[in-house]
$ cat input31.txt   # compact mmCIF, C-alpha atoms and all ligand atoms
# COMPACT_ATOMS: atom_id res chain seq x y z
CA MET U 1 15.32 -31.39 -17.28
CA SER U 2 11.71 -31.98 -18.32
CA LYS U 3 9.09 -31.39 -15.63
CA ARG U 4 5.41 -32.14 -15.16
CA VAL U 5 3.60 -29.02 -14.03
CA ALA U 6 -0.07 -28.83 -13.01
CA ILE U 7 -2.10 -25.63 -12.74
CA LEU U 8 -5.56 -24.88 -11.32
CA THR U 9 -7.78 -21.88 -10.65
CA SER U 10 -9.62 -21.84 -7.31
CA GLY U 11 -12.05 -19.65 -5.34
CA GLY U 12 -13.71 -16.59 -6.88
CA ASP U 13 -12.78 -16.33 -10.55
CA ALA U 14 -11.08 -13.10 -11.58
CA PRO U 15 -10.52 -11.44 -14.98
CA GLY U 16 -6.95 -12.19 -16.03
CA MET U 17 -6.84 -15.79 -14.81
CA ASN U 18 -6.91 -16.89 -18.46
CA ALA U 19 -4.10 -14.48 -19.33
CA CYS U 20 -2.05 -16.13 -16.59
CA ILE U 21 -2.85 -19.63 -17.88
CA ARG U 22 -1.83 -18.51 -21.39
CA ALA U 23 1.54 -17.16 -20.16
CA SER U 24 2.17 -20.38 -18.24
CA ILE U 25 1.39 -22.54 -21.28
CA ILE U 26 3.80 -20.63 -23.52
CA ALA U 27 6.57 -20.50 -20.88
CA CYS U 28 6.20 -24.25 -20.23
CA GLN U 29 6.32 -25.02 -23.92
CA LYS U 30 9.53 -23.01 -24.28
CA ALA U 31 11.12 -24.82 -21.31
CA ASN U 32 9.93 -28.18 -22.62
CA TYR U 33 7.74 -28.86 -19.58
CA THR U 34 4.45 -30.75 -19.74
CA LEU U 35 1.58 -28.61 -18.43
CA LEU U 36 -1.66 -30.14 -17.14
CA GLY U 37 -4.73 -28.20 -16.05
CA TYR U 38 -6.86 -29.48 -13.17
CA LYS U 39 -10.48 -28.46 -13.76
CA HIS U 40 -12.96 -27.02 -11.22
CA GLY U 41 -10.39 -25.88 -8.67
CA TYR U 42 -9.38 -28.39 -6.01
CA ASN U 43 -12.34 -30.60 -6.98
CA GLY U 44 -10.46 -31.53 -10.15
CA LEU U 45 -7.39 -32.43 -8.13
CA LEU U 46 -9.46 -34.67 -5.85
CA GLN U 47 -11.17 -36.33 -8.83
CA GLN U 48 -8.01 -36.53 -11.01
CA GLU U 49 -9.87 -34.47 -13.60
CA TYR U 50 -7.11 -32.89 -15.67
CA ILE U 51 -6.46 -31.93 -19.28
CA PRO U 52 -3.26 -31.33 -21.21
CA LEU U 53 -2.66 -27.65 -21.88
CA SER U 54 -0.84 -26.96 -25.11
CA LEU U 55 -0.38 -24.07 -27.52
CA ASP U 56 -3.75 -25.02 -29.10
CA SER U 57 -5.40 -23.57 -25.99
CA THR U 58 -3.74 -20.14 -26.07
CA HIS U 59 -5.37 -18.54 -29.11
CA ASN U 60 -7.48 -15.48 -28.17
CA LEU U 61 -7.18 -16.46 -24.53
CA ILE U 62 -5.58 -13.34 -23.08
CA GLN U 63 -8.73 -11.26 -23.47
CA GLN U 64 -11.24 -13.78 -22.09
CA GLY U 65 -12.81 -13.25 -18.67
CA GLY U 66 -13.53 -16.17 -16.32
CA THR U 67 -11.23 -19.20 -16.44
CA ILE U 68 -11.09 -21.95 -19.06
CA LEU U 69 -10.22 -24.40 -16.26
CA HIS U 70 -13.38 -23.38 -14.35
CA SER U 71 -13.22 -22.53 -10.67
CA ALA U 72 -14.92 -23.79 -7.53
CA ARG U 73 -14.88 -23.86 -3.78
CA CYS U 74 -14.11 -27.34 -2.44
CA LYS U 75 -15.31 -28.36 1.01
CA GLU U 76 -13.55 -31.72 0.93
CA LEU U 77 -10.11 -30.12 0.79
CA LYS U 78 -10.71 -28.55 4.19
CA SER U 79 -10.52 -32.00 5.80
CA HIS U 80 -7.33 -33.94 6.51
CA GLU U 81 -8.61 -36.79 4.31
CA GLY U 82 -9.06 -34.32 1.46
CA ILE U 83 -5.54 -33.01 1.81
CA LYS U 84 -4.10 -36.55 1.87
CA LYS U 85 -6.10 -37.48 -1.20
CA ALA U 86 -4.85 -34.38 -3.03
CA ALA U 87 -1.23 -35.21 -2.14
CA ASN U 88 -1.73 -38.81 -3.22
CA ASN U 89 -3.26 -37.78 -6.54
CA LEU U 90 -0.36 -35.43 -7.26
CA MET U 91 2.02 -38.31 -6.61
CA LYS U 92 0.06 -40.70 -8.84
CA ALA U 93 -0.03 -38.13 -11.67
CA GLU U 94 3.75 -37.69 -11.20
CA ILE U 95 3.43 -33.94 -10.85
CA ASP U 96 6.64 -32.05 -9.99
CA THR U 97 5.11 -28.58 -9.51
CA LEU U 98 1.58 -27.50 -8.57
CA ILE U 99 0.57 -23.93 -9.44
CA VAL U 100 -2.52 -22.53 -7.72
CA ILE U 101 -4.10 -19.33 -9.03
CA GLY U 102 -6.52 -18.06 -6.38
CA GLY U 103 -7.02 -16.08 -3.19
CA ASP U 104 -5.92 -16.56 0.41
CA GLY U 105 -8.26 -19.51 0.96
CA SER U 106 -6.75 -21.32 -2.00
CA PHE U 107 -3.27 -20.58 -0.62
CA ARG U 108 -4.24 -22.05 2.76
CA GLY U 109 -5.28 -25.20 0.93
CA ALA U 110 -2.01 -25.22 -1.04
CA ALA U 111 0.04 -24.81 2.16
CA GLU U 112 -1.80 -27.76 3.74
CA ILE U 113 -1.08 -29.91 0.67
CA GLY U 114 2.59 -28.86 1.03
CA LYS U 115 2.69 -30.57 4.44
CA GLU U 116 1.78 -33.92 2.88
CA TRP U 117 3.40 -33.71 -0.56
CA LYS U 118 7.09 -33.23 -1.32
CA GLY U 119 6.62 -31.55 -4.71
CA GLN U 120 6.97 -27.85 -5.46
CA ILE U 121 4.02 -25.50 -4.74
CA LEU U 122 3.68 -22.02 -6.24
CA GLY U 123 0.74 -19.66 -5.70
CA ILE U 124 -0.32 -16.84 -8.03
CA PRO U 125 -2.68 -14.19 -6.55
CA GLY U 126 -5.99 -14.10 -8.43
CA THR U 127 -8.94 -12.37 -6.78
CA ILE U 128 -10.93 -9.19 -7.41
CA ASP U 129 -10.65 -8.38 -3.68
CA ASN U 130 -6.90 -7.50 -3.64
CA ASP U 131 -6.85 -8.75 -0.04
CA ILE U 132 -3.57 -10.69 -0.25
CA SER U 133 -0.53 -9.47 1.63
CA GLY U 134 2.87 -9.42 -0.12
CA THR U 135 1.75 -8.17 -3.52
CA ASP U 136 0.69 -4.67 -4.53
CA ALA U 137 -2.17 -6.03 -6.60
CA THR U 138 -3.94 -9.27 -7.44
CA ILE U 139 -5.04 -10.47 -10.86
CA GLY U 140 -8.60 -9.24 -11.53
CA TYR U 141 -8.60 -6.31 -9.14
CA PHE U 142 -8.06 -3.59 -11.77
CA THR U 143 -10.82 -4.89 -14.04
CA ALA U 144 -13.23 -5.12 -11.12
CA ILE U 145 -12.51 -1.48 -10.18
CA ASP U 146 -13.26 -0.50 -13.77
CA THR U 147 -16.49 -2.49 -13.87
CA ALA U 148 -17.71 -1.07 -10.56
CA MET U 149 -16.68 2.44 -11.62
CA SER U 150 -18.60 2.35 -14.89
CA SER U 151 -21.67 0.90 -13.14
CA ILE U 152 -21.53 3.72 -10.57
CA ASP U 153 -21.18 6.26 -13.43
CA LYS U 154 -24.47 4.93 -14.82
CA VAL U 155 -26.22 5.06 -11.46
CA ARG U 156 -24.97 8.63 -11.13
CA ASP U 157 -26.95 9.65 -14.25
CA THR U 158 -30.29 8.62 -12.78
CA ALA U 159 -29.27 9.81 -9.31
CA ASP U 160 -28.59 13.27 -10.75
CA ALA U 161 -31.82 13.26 -12.77
CA PHE U 162 -33.91 12.58 -9.67
CA GLU U 163 -31.57 14.30 -7.17
CA ARG U 164 -31.69 11.10 -5.17
CA ILE U 165 -29.51 9.29 -2.67
CA PHE U 166 -28.15 5.94 -3.86
CA LEU U 167 -26.43 3.26 -1.80
CA ILE U 168 -24.22 1.02 -3.93
CA GLU U 169 -22.83 -2.24 -2.56
CA VAL U 170 -19.46 -3.32 -3.92
CA MET U 171 -17.75 -6.71 -3.40
CA GLY U 172 -14.47 -7.26 -1.55
CA ARG U 173 -15.30 -9.97 1.01
CA ASN U 174 -13.83 -8.41 4.19
CA ALA U 175 -11.58 -5.82 2.59
CA GLY U 176 -12.25 -2.31 1.31
CA PHE U 177 -9.79 -2.06 -1.63
CA LEU U 178 -12.40 -2.48 -4.33
CA ALA U 179 -15.01 -0.25 -2.66
CA LEU U 180 -12.54 2.54 -1.92
CA ASN U 181 -11.05 2.62 -5.41
CA ALA U 182 -14.39 2.26 -7.19
CA ALA U 183 -15.70 5.16 -5.06
CA LEU U 184 -12.68 7.40 -5.69
CA SER U 185 -12.63 6.78 -9.42
CA SER U 186 -16.37 7.40 -9.82
CA ALA U 187 -16.37 10.54 -7.64
CA ALA U 188 -18.80 9.06 -5.14
CA ASP U 189 -19.75 11.19 -2.13
CA TYR U 190 -19.07 8.73 0.69
CA VAL U 191 -17.58 5.27 1.09
CA VAL U 192 -18.03 2.75 3.90
CA VAL U 193 -15.10 0.33 4.21
CA PRO U 194 -14.44 -2.32 6.88
CA GLU U 195 -10.99 -0.90 7.67
CA PHE U 196 -12.55 2.25 9.20
CA PHE U 197 -15.96 0.99 10.30
CA GLU U 198 -16.37 1.29 14.08
CA SER U 199 -20.13 0.98 14.56
CA ALA U 200 -23.33 1.67 12.64
CA ASP U 201 -24.17 4.48 15.10
CA LYS U 202 -20.91 6.33 14.55
CA GLU U 203 -20.93 5.80 10.79
CA ILE U 204 -24.54 6.94 10.32
CA GLU U 205 -23.76 10.21 12.12
CA LYS U 206 -20.95 10.88 9.68
CA ILE U 207 -23.01 10.02 6.60
CA VAL U 208 -25.97 12.15 7.71
CA THR U 209 -23.64 15.08 8.50
CA GLN U 210 -22.20 14.92 4.98
CA ILE U 211 -25.60 14.64 3.29
CA LYS U 212 -27.09 17.52 5.28
CA ALA U 213 -24.04 19.77 4.83
CA GLN U 214 -23.97 19.10 1.10
CA ARG U 215 -27.69 19.85 0.76
CA ALA U 216 -27.41 23.02 2.85
CA LEU U 217 -24.74 24.23 0.46
CA LYS U 218 -26.06 23.05 -2.88
CA GLY U 219 -29.75 22.33 -2.42
CA PRO U 220 -31.25 18.93 -3.31
CA VAL U 221 -28.54 17.12 -5.29
CA SER U 222 -27.65 13.48 -5.78
CA PHE U 223 -25.52 11.70 -3.16
CA ILE U 224 -23.79 8.38 -3.81
CA VAL U 225 -22.71 6.19 -0.90
CA VAL U 226 -20.51 3.22 -1.87
CA VAL U 227 -20.72 0.46 0.73
CA ALA U 228 -18.30 -2.47 0.92
CA GLU U 229 -20.15 -5.78 1.29
CA ASN U 230 -20.34 -7.54 4.68
CA VAL U 231 -19.84 -4.32 6.65
CA TRP U 232 -23.18 -2.76 7.43
CA PRO U 233 -25.39 -4.80 9.77
CA LYS U 234 -28.27 -6.08 7.60
CA GLY U 235 -26.58 -4.64 4.48
CA LEU U 236 -28.11 -1.91 2.36
CA SER U 237 -31.60 -2.39 3.83
CA GLY U 238 -30.13 -1.83 7.31
CA LEU U 239 -28.48 1.38 6.13
CA THR U 240 -31.68 2.54 4.40
CA GLU U 241 -33.60 2.04 7.67
CA GLU U 242 -30.98 4.02 9.60
CA LEU U 243 -31.20 6.90 7.12
CA MET U 244 -35.01 6.95 7.44
CA LYS U 245 -34.63 7.37 11.20
CA HIS U 246 -32.75 10.58 10.37
CA ASP U 247 -35.54 11.81 8.07
CA ILE U 248 -33.65 10.87 4.93
CA SER U 249 -35.95 8.94 2.62
CA ASP U 250 -36.40 8.21 -1.10
CA VAL U 251 -33.14 6.25 -0.95
CA ARG U 252 -32.40 3.60 -3.60
CA PRO U 253 -30.15 0.57 -2.93
CA VAL U 254 -28.12 -1.07 -5.73
CA THR U 255 -26.08 -4.23 -5.29
CA LEU U 256 -23.54 -4.60 -8.10
CA GLY U 257 -22.97 -8.31 -7.34
CA HIS U 258 -21.20 -10.82 -9.55
CA VAL U 259 -21.09 -8.52 -12.56
CA GLN U 260 -17.89 -7.28 -10.87
CA ARG U 261 -16.20 -10.64 -11.47
CA GLY U 262 -16.84 -10.70 -15.22
CA GLY U 263 -15.58 -9.09 -18.38
CA SER U 264 -12.46 -8.95 -20.47
CA PRO U 265 -9.45 -8.06 -18.32
CA VAL U 266 -8.08 -4.51 -18.57
CA ALA U 267 -4.44 -3.99 -19.60
CA GLN U 268 -3.12 -3.80 -16.01
CA ASP U 269 -4.60 -7.22 -15.16
CA ARG U 270 -3.32 -8.76 -18.41
CA LEU U 271 0.18 -7.43 -17.69
CA LEU U 272 0.17 -8.59 -14.08
CA ALA U 273 -1.20 -12.01 -15.05
CA THR U 274 1.31 -12.42 -17.86
CA THR U 275 4.39 -11.42 -15.86
CA LEU U 276 3.39 -13.51 -12.83
CA GLY U 277 2.62 -16.55 -14.99
CA GLU U 278 5.97 -16.30 -16.75
CA PHE U 279 7.80 -15.67 -13.44
CA ALA U 280 6.17 -18.69 -11.77
CA ILE U 281 7.27 -21.00 -14.58
CA SER U 282 10.82 -19.60 -14.37
CA LEU U 283 10.92 -20.95 -10.77
CA VAL U 284 9.88 -24.49 -11.74
CA GLY U 285 12.60 -26.96 -10.76
CA SER U 286 14.26 -24.56 -8.29
CA ASP U 287 14.17 -25.26 -4.55
CA ILE U 288 11.82 -22.29 -3.99
CA THR U 289 8.53 -23.77 -2.81
CA ASN U 290 5.41 -22.99 -0.73
CA ILE U 291 5.51 -19.42 -1.92
CA MET U 292 3.29 -16.98 -3.77
CA VAL U 293 4.73 -14.96 -6.63
CA GLY U 294 3.67 -11.32 -6.46
CA GLU U 295 4.64 -7.86 -7.60
CA VAL U 296 5.92 -5.04 -5.39
CA ASN U 297 6.93 -1.69 -6.90
CA GLN U 298 6.68 -3.27 -10.35
CA ARG U 299 9.18 -6.03 -9.54
CA PRO U 300 8.42 -9.73 -9.12
CA VAL U 301 8.77 -11.07 -5.58
CA THR U 302 8.29 -14.38 -3.79
CA VAL U 303 6.42 -14.50 -0.47
CA PRO U 304 6.03 -17.51 1.85
CA LEU U 305 2.44 -18.70 1.47
CA HIS U 306 1.56 -18.31 5.17
CA LYS U 307 2.54 -14.61 5.10
CA THR U 308 -0.09 -13.91 2.44
CA TRP U 309 -2.89 -14.41 4.95
CA GLU U 310 -1.14 -13.88 8.32
CA ASN U 311 -0.20 -10.28 7.50
CA THR U 312 -3.02 -7.81 6.92
CA LYS U 313 -2.61 -5.68 3.84
CA PRO U 314 -3.32 -2.01 4.56
CA LEU U 315 -5.24 0.29 2.22
CA ASN U 316 -3.04 2.63 0.20
CA GLU U 317 -2.36 5.71 2.39
CA ALA U 318 -2.71 8.22 -0.44
CA HIS U 319 -6.08 6.71 -1.36
CA VAL U 320 -7.21 6.98 2.25
CA GLU U 321 -6.20 10.66 2.40
CA ALA U 322 -8.08 11.33 -0.84
CA MET U 323 -11.08 9.47 0.61
CA ARG U 324 -11.13 11.79 3.63
CA THR U 325 -10.65 15.05 1.74
CA LEU U 326 -12.85 14.39 -1.27
CA MET U 327 -15.54 12.16 0.23
CA ASN U 328 -16.06 11.21 3.87
CA GLU U 329 -14.91 14.48 5.49
CA ARG U 330 -15.50 16.81 2.57
CA TYR U 331 -18.01 19.03 4.33
CA SER U 332 -16.71 18.60 7.87
CA SER U 333 -15.37 22.14 8.19
CA TRP U 334 -18.34 23.87 6.55
N1 LIG U 401 -7.97 -23.72 5.70
C1 LIG U 401 -8.09 -24.37 4.54
N2 LIG U 401 -7.60 -25.62 4.40
C2 LIG U 401 -7.70 -26.29 3.23
N3 LIG U 401 -8.28 -25.78 2.13
C3 LIG U 401 -8.78 -24.54 2.20
C4 LIG U 401 -8.72 -23.77 3.39
N4 LIG U 401 -9.31 -22.58 3.15
C5 LIG U 401 -9.74 -22.61 1.87
N5 LIG U 401 -9.41 -23.79 1.29
C6 LIG U 401 -9.71 -24.23 -0.07
O1 LIG U 401 -9.60 -23.16 -1.00
C7 LIG U 401 -10.85 -22.97 -1.67
C8 LIG U 401 -11.01 -21.54 -2.06
O2 LIG U 401 -11.02 -20.73 -0.90
P1 LIG U 401 -11.93 -19.43 -0.81
O3 LIG U 401 -11.61 -18.76 0.49
O4 LIG U 401 -13.33 -19.80 -1.07
O5 LIG U 401 -11.48 -18.55 -2.06
P2 LIG U 401 -10.15 -17.73 -2.35
O6 LIG U 401 -9.05 -18.66 -2.62
O7 LIG U 401 -10.52 -16.94 -3.56
O8 LIG U 401 -9.90 -16.88 -1.12
C9 LIG U 401 -11.87 -23.50 -0.67
O9 LIG U 401 -13.09 -23.85 -1.28
C10 LIG U 401 -11.15 -24.72 -0.14
O10 LIG U 401 -11.20 -25.79 -1.05
O1 LIG U 402 -19.05 -16.41 -5.65
P1 LIG U 402 -19.56 -16.44 -4.26
O2 LIG U 402 -19.40 -17.77 -3.65
O3 LIG U 402 -20.91 -15.85 -4.18
O4 LIG U 402 -18.60 -15.50 -3.39
C1 LIG U 402 -18.65 -14.12 -3.33
C2 LIG U 402 -17.30 -13.64 -2.89
O5 LIG U 402 -16.35 -13.92 -3.89
C3 LIG U 402 -15.64 -12.73 -4.25
O6 LIG U 402 -16.23 -12.18 -5.41
C4 LIG U 402 -14.20 -13.06 -4.54
O7 LIG U 402 -13.61 -13.56 -3.36
P2 LIG U 402 -12.47 -14.65 -3.38
O8 LIG U 402 -11.54 -14.28 -4.48
O9 LIG U 402 -11.82 -14.56 -2.02
O10 LIG U 402 -13.08 -15.97 -3.62
C5 LIG U 402 -15.84 -11.79 -3.05
O11 LIG U 402 -15.67 -10.44 -3.41
C6 LIG U 402 -17.22 -12.16 -2.62
O12 LIG U 402 -17.42 -11.89 -1.25
$ encode --input "input31.txt" --output "structure tokens" --more "lines below"
Ligand SMILES: Nc1ncnc2c1ncn2[C@@H]1O[C@H](COP(=O)(O)OP(=O)(O)O)[C@@H](O)[C@H]1O
Ligand SMILES: O=P(O)(O)OC[C@H]1O[C@](O)(COP(=O)(O)O)[C@@H](O)[C@@H]1O
Amino acid sequence: MSKRVAILTSGGDAPGMNACIRASIIACQKANYTLLGYKHGYNGLLQQEYIPLSLDSTHNLIQQGGTILHSARCKELKSHEGIKKAANNLMKAEIDTLIVIGGDGSFRGAAEIGKEWKGQILGIPGTIDNDISGTDATIGYFTAIDTAMSSIDKVRDTADAFERIFLIEVMGRNAGFLALNAALSSAADYVVVPEFFESADKEIEKIVTQIKAQRALKGPVSFIVVVAENVWPKGLSGLTEELMKHDISDVRPVTLGHVQRGGSPVAQDRLLATTLGEFAISLVGSDITNIMVGEVNQRPVTVPLHKTWENTKPLNEAHVEAMRTLMNERYSSW
């Protein structure tokens, strides 16, 4: 039976969102569903700002970063009036299924809409932070690791030339996935992640121990500390001040910033986005609702929306072990 499906991208944009939209368009066309795209995240839903999405939109889309539907954060949806308006607009537009590509905040919004609207709601995880429980990875995460890694490689060149200490801030909101994996893949010397951060005092002792031990062994060489955002009190300037108190100066801070959200998606993000987009459309019309589609051990799964934020996703254990041996505790036994 023909269905009217609406899709939107919400919260921080992530490379691969377009690949997911493309897969959804093609799968809808094959199933003979009408697909509409709400623009500007939930703002478009509240303003009834939508466009038809057809095969005309899919050409050269898989490789484009950002999102052709645009994204936004939407304060109004956090109020009960906003939720009611969204539900009402979905009813007026005769939508059967709403697909939300976004992070945990966007899923909270979707779950609230689900309390007021009887249609089907499907979430697809799209965020560079990878901080969503129930899926091994989120769309955009792999590209962001790559972008951060190649930026750190470049900083390493000048760090080596001057034998300097660099502090590099990586995004991730309140999670350390991006920082840890960018640090491991760029052979950084130390990484500060929220999952293991106890206090600035304890952490600074560990960092200084590693820097001094490394220098005692090798002489003046470069040292790269990757720091997850929102962890160190007063950020990189706070950490620079702490290092100066330990007689470590000539430190340079680098904040990678929003460059980490851009760029053409790498193959892993395109594959994840494509399979999740196709899988979501295969569920349209079923009685599965208020769920996120995800991937665990390379298989598609469905997860109740509330579990995506209620459960905390742990860092990969093997990555944590590698972090200890190769970075944070490398010189502990010297
Ligand atoms: N508790 C909530 N109730 C309703 N809507 C929410 C809630 N939390 C977030 N949202 C909506 O989702 C949008 C995106 O959330 P945000 O946390 O900024 O990004 P992300 O989805 O990437 O985590 C918010 O701007 C808001 O419109
Ligand atoms: O784009 P803004 O509003 O500056 O937000 C920055 C935040 O967005 C992100 O890039 C992505 O986070 P979300 O996917 O949760 O929106 C975070 O890593 C960062 O903390």
$ atom_distance --input "input31.txt" --atom1 "CA of Cys28 in chain U" --atom2 "CA of Ile288 in chain U"
17.3 Å
$ residues_around --input "input31.txt" --residues "Leu256 in chain U" --least-positions-apart "6" --cutoff "10 Å" --atoms "only C-alpha atoms" --output "mmCIF file with C-alpha atoms, in the frame of the given file"
data_model
loop_
_atom_site.group_PDB
_atom_site.id
_atom_site.type_symbol
_atom_site.label_atom_id
_atom_site.label_comp_id
_atom_site.auth_asym_id
_atom_site.auth_seq_id
_atom_site.Cartn_x
_atom_site.Cartn_y
_atom_site.Cartn_z
ATOM 1 C CA THR U 147 -16.490 -2.490 -13.870
ATOM 2 C CA ALA U 148 -17.710 -1.070 -10.560
ATOM 3 C CA SER U 151 -21.670 0.900 -13.140
ATOM 4 C CA ILE U 152 -21.530 3.720 -10.570
ATOM 5 C CA ILE U 168 -24.220 1.020 -3.930
ATOM 6 C CA GLU U 169 -22.830 -2.240 -2.560
ATOM 7 C CA VAL U 170 -19.460 -3.320 -3.920
ATOM 8 C CA MET U 171 -17.750 -6.710 -3.400
#
$ atom_distance --input "input31.txt" --atom1 "CA of Arg156 in chain U" --atom2 "CA of Arg261 in chain U"
21.2 Å
$ residues_around --input "input31.txt" --residues "Ser57 in chain U" --least-positions-apart "5" --cutoff "10 Å" --atoms "all atoms listed in the file" --output "ChimeraX atom specification"
/U:21-22,25-26,52,68
$ closest_atom_pairs --input "input31.txt" --of "chain U" --to "ligand LIG 402 (chain U)" --cutoff "6 Å" --atoms "all atoms listed in the file" --output "CSV"
residue,atom,partner,partner_atom,distance
U:Gly11,CA,U:LIG402,O10,4.2
U:Gly12,CA,U:LIG402,O10,3.4
U:Gly103,CA,U:LIG402,O8,5.0
U:Thr127,CA,U:LIG402,O8,4.0
U:Ile128,CA,U:LIG402,C4,5.8
U:Asp129,CA,U:LIG402,O11,5.4
U:Met171,CA,U:LIG402,O11,4.3
U:Gly172,CA,U:LIG402,O11,3.9
U:Arg173,CA,U:LIG402,O12,3.6
$ closest_residue --input "input31.txt" --among "U:Ala72, U:Val227, U:Ile248, U:Val254" --to "ligand LIG 401 (chain U)" --atoms "only C-alpha atoms and all ligand atoms"
U:Ala72
$ closest_atom_pairs --input "input31.txt" --of "chain U" --to "ligand LIG 401 (chain U)" --cutoff "10 Å" --atoms "only C-alpha atoms and all ligand atoms" --output "tab-separated table"
residue	atom	partner	partner_atom	distance
U:Thr9	CA	U:LIG401	O6	8.7
U:Ser10	CA	U:LIG401	C8	5.4
U:Gly11	CA	U:LIG401	O5	3.5
U:Gly12	CA	U:LIG401	O7	4.6
U:Asp13	CA	U:LIG401	O7	7.4
U:Ala14	CA	U:LIG401	O7	8.9
U:Gly41	CA	U:LIG401	C7	7.6
U:Tyr42	CA	U:LIG401	O10	5.9
U:Asn43	CA	U:LIG401	O10	7.7
U:Ser71	CA	U:LIG401	C8	8.9
U:Ala72	CA	U:LIG401	O9	6.5
U:Arg73	CA	U:LIG401	O9	3.1
U:Cys74	CA	U:LIG401	O10	3.6
U:Lys75	CA	U:LIG401	O10	5.3
U:Glu76	CA	U:LIG401	O10	6.7
U:Leu77	CA	U:LIG401	O10	4.8
U:Lys78	CA	U:LIG401	C2	3.9
U:Ser79	CA	U:LIG401	C2	6.9
U:His80	CA	U:LIG401	C2	8.3
U:Gly82	CA	U:LIG401	C2	8.3
U:Ile83	CA	U:LIG401	C2	7.2
U:Val100	CA	U:LIG401	O6	9.1
U:Ile101	CA	U:LIG401	O6	8.1
U:Gly102	CA	U:LIG401	O6	4.6
U:Gly103	CA	U:LIG401	O6	3.3
U:Asp104	CA	U:LIG401	O8	4.3
U:Gly105	CA	U:LIG401	O3	3.5
U:Ser106	CA	U:LIG401	O1	3.5
U:Phe107	CA	U:LIG401	O6	6.4
U:Arg108	CA	U:LIG401	C1	4.8
U:Gly109	CA	U:LIG401	N3	3.3
U:Ala110	CA	U:LIG401	N3	7.0
U:Ala111	CA	U:LIG401	C2	8.0
U:Glu112	CA	U:LIG401	C2	6.1
U:Ile113	CA	U:LIG401	C2	8.0
U:Pro125	CA	U:LIG401	O6	8.7
U:Gly126	CA	U:LIG401	O7	7.2
U:Thr127	CA	U:LIG401	O7	5.8
U:Ile128	CA	U:LIG401	O7	8.7
U:Asp129	CA	U:LIG401	O7	8.6
U:Asp131	CA	U:LIG401	O8	8.8
U:Ile132	CA	U:LIG401	O8	8.9
U:Arg173	CA	U:LIG401	O8	9.0
U:Trp309	CA	U:LIG401	O8	9.6
$ residues_around --input "input31.txt" --residues "range 217-222 of chain U" --least-positions-apart "2" --cutoff "12 Å" --atoms "all atoms listed in the file" --output "PyMOL selection string"
chain U and resi 155-167+187-190+210-215+224-225+248+250-252+331+334
$ closest_residue --input "input31.txt" --among "U:Ser133, U:Thr67, U:Gln120, U:Thr325" --to "Val303 in chain U" --atoms "all atoms listed in the file"
U:Ser133
$ closest_residue --input "input31.txt" --among "U:Asn89, U:Thr302, U:Asn18, U:Thr308" --to "Tyr50 in chain U" --atoms "all atoms listed in the file"
U:Asn89
$ closest_residue --input "input31.txt" --among "U:Gly65, U:Pro314, U:Gly277, U:Gly140" --to "Gly294 in chain U" --atoms "only C-alpha atoms"
U:Gly277
$ residues_around --input "input31.txt" --residues "Asp269 in chain U" --least-positions-apart "4" --cutoff "7 Å" --atoms "all atoms listed in the file" --output "count of residues only"
7
$ residues_near_point --input "input31.txt" --point "(-21.8, 1.0, 8.3)" --cutoff "7 Å" --atoms "all atoms listed in the file" --output "PyMOL selection string"
chain U and resi 192+197+199-200+203-204+231-233
$ atom_distance --input "input31.txt" --atom1 "CA of Gly44 in chain U" --atom2 "CA of Ser2 in chain U"
23.6 Å
$ closest_residue --input "input31.txt" --among "U:Val284, U:Ala137, U:Leu69, U:Ala183" --to "Val320 in chain U" --atoms "all atoms listed in the file"
U:Ala183
$ closest_residue --input "input31.txt" --among "U:Gln47, U:Gln260, U:Asn130, U:Asn316" --to "Leu90 in chain U" --atoms "all atoms listed in the file"
U:Gln47
$ residues_around --input "input31.txt" --residues "Gly176 in chain U" --least-positions-apart "4" --cutoff "7 Å" --atoms "all atoms listed in the file" --output "count of residues only"
6
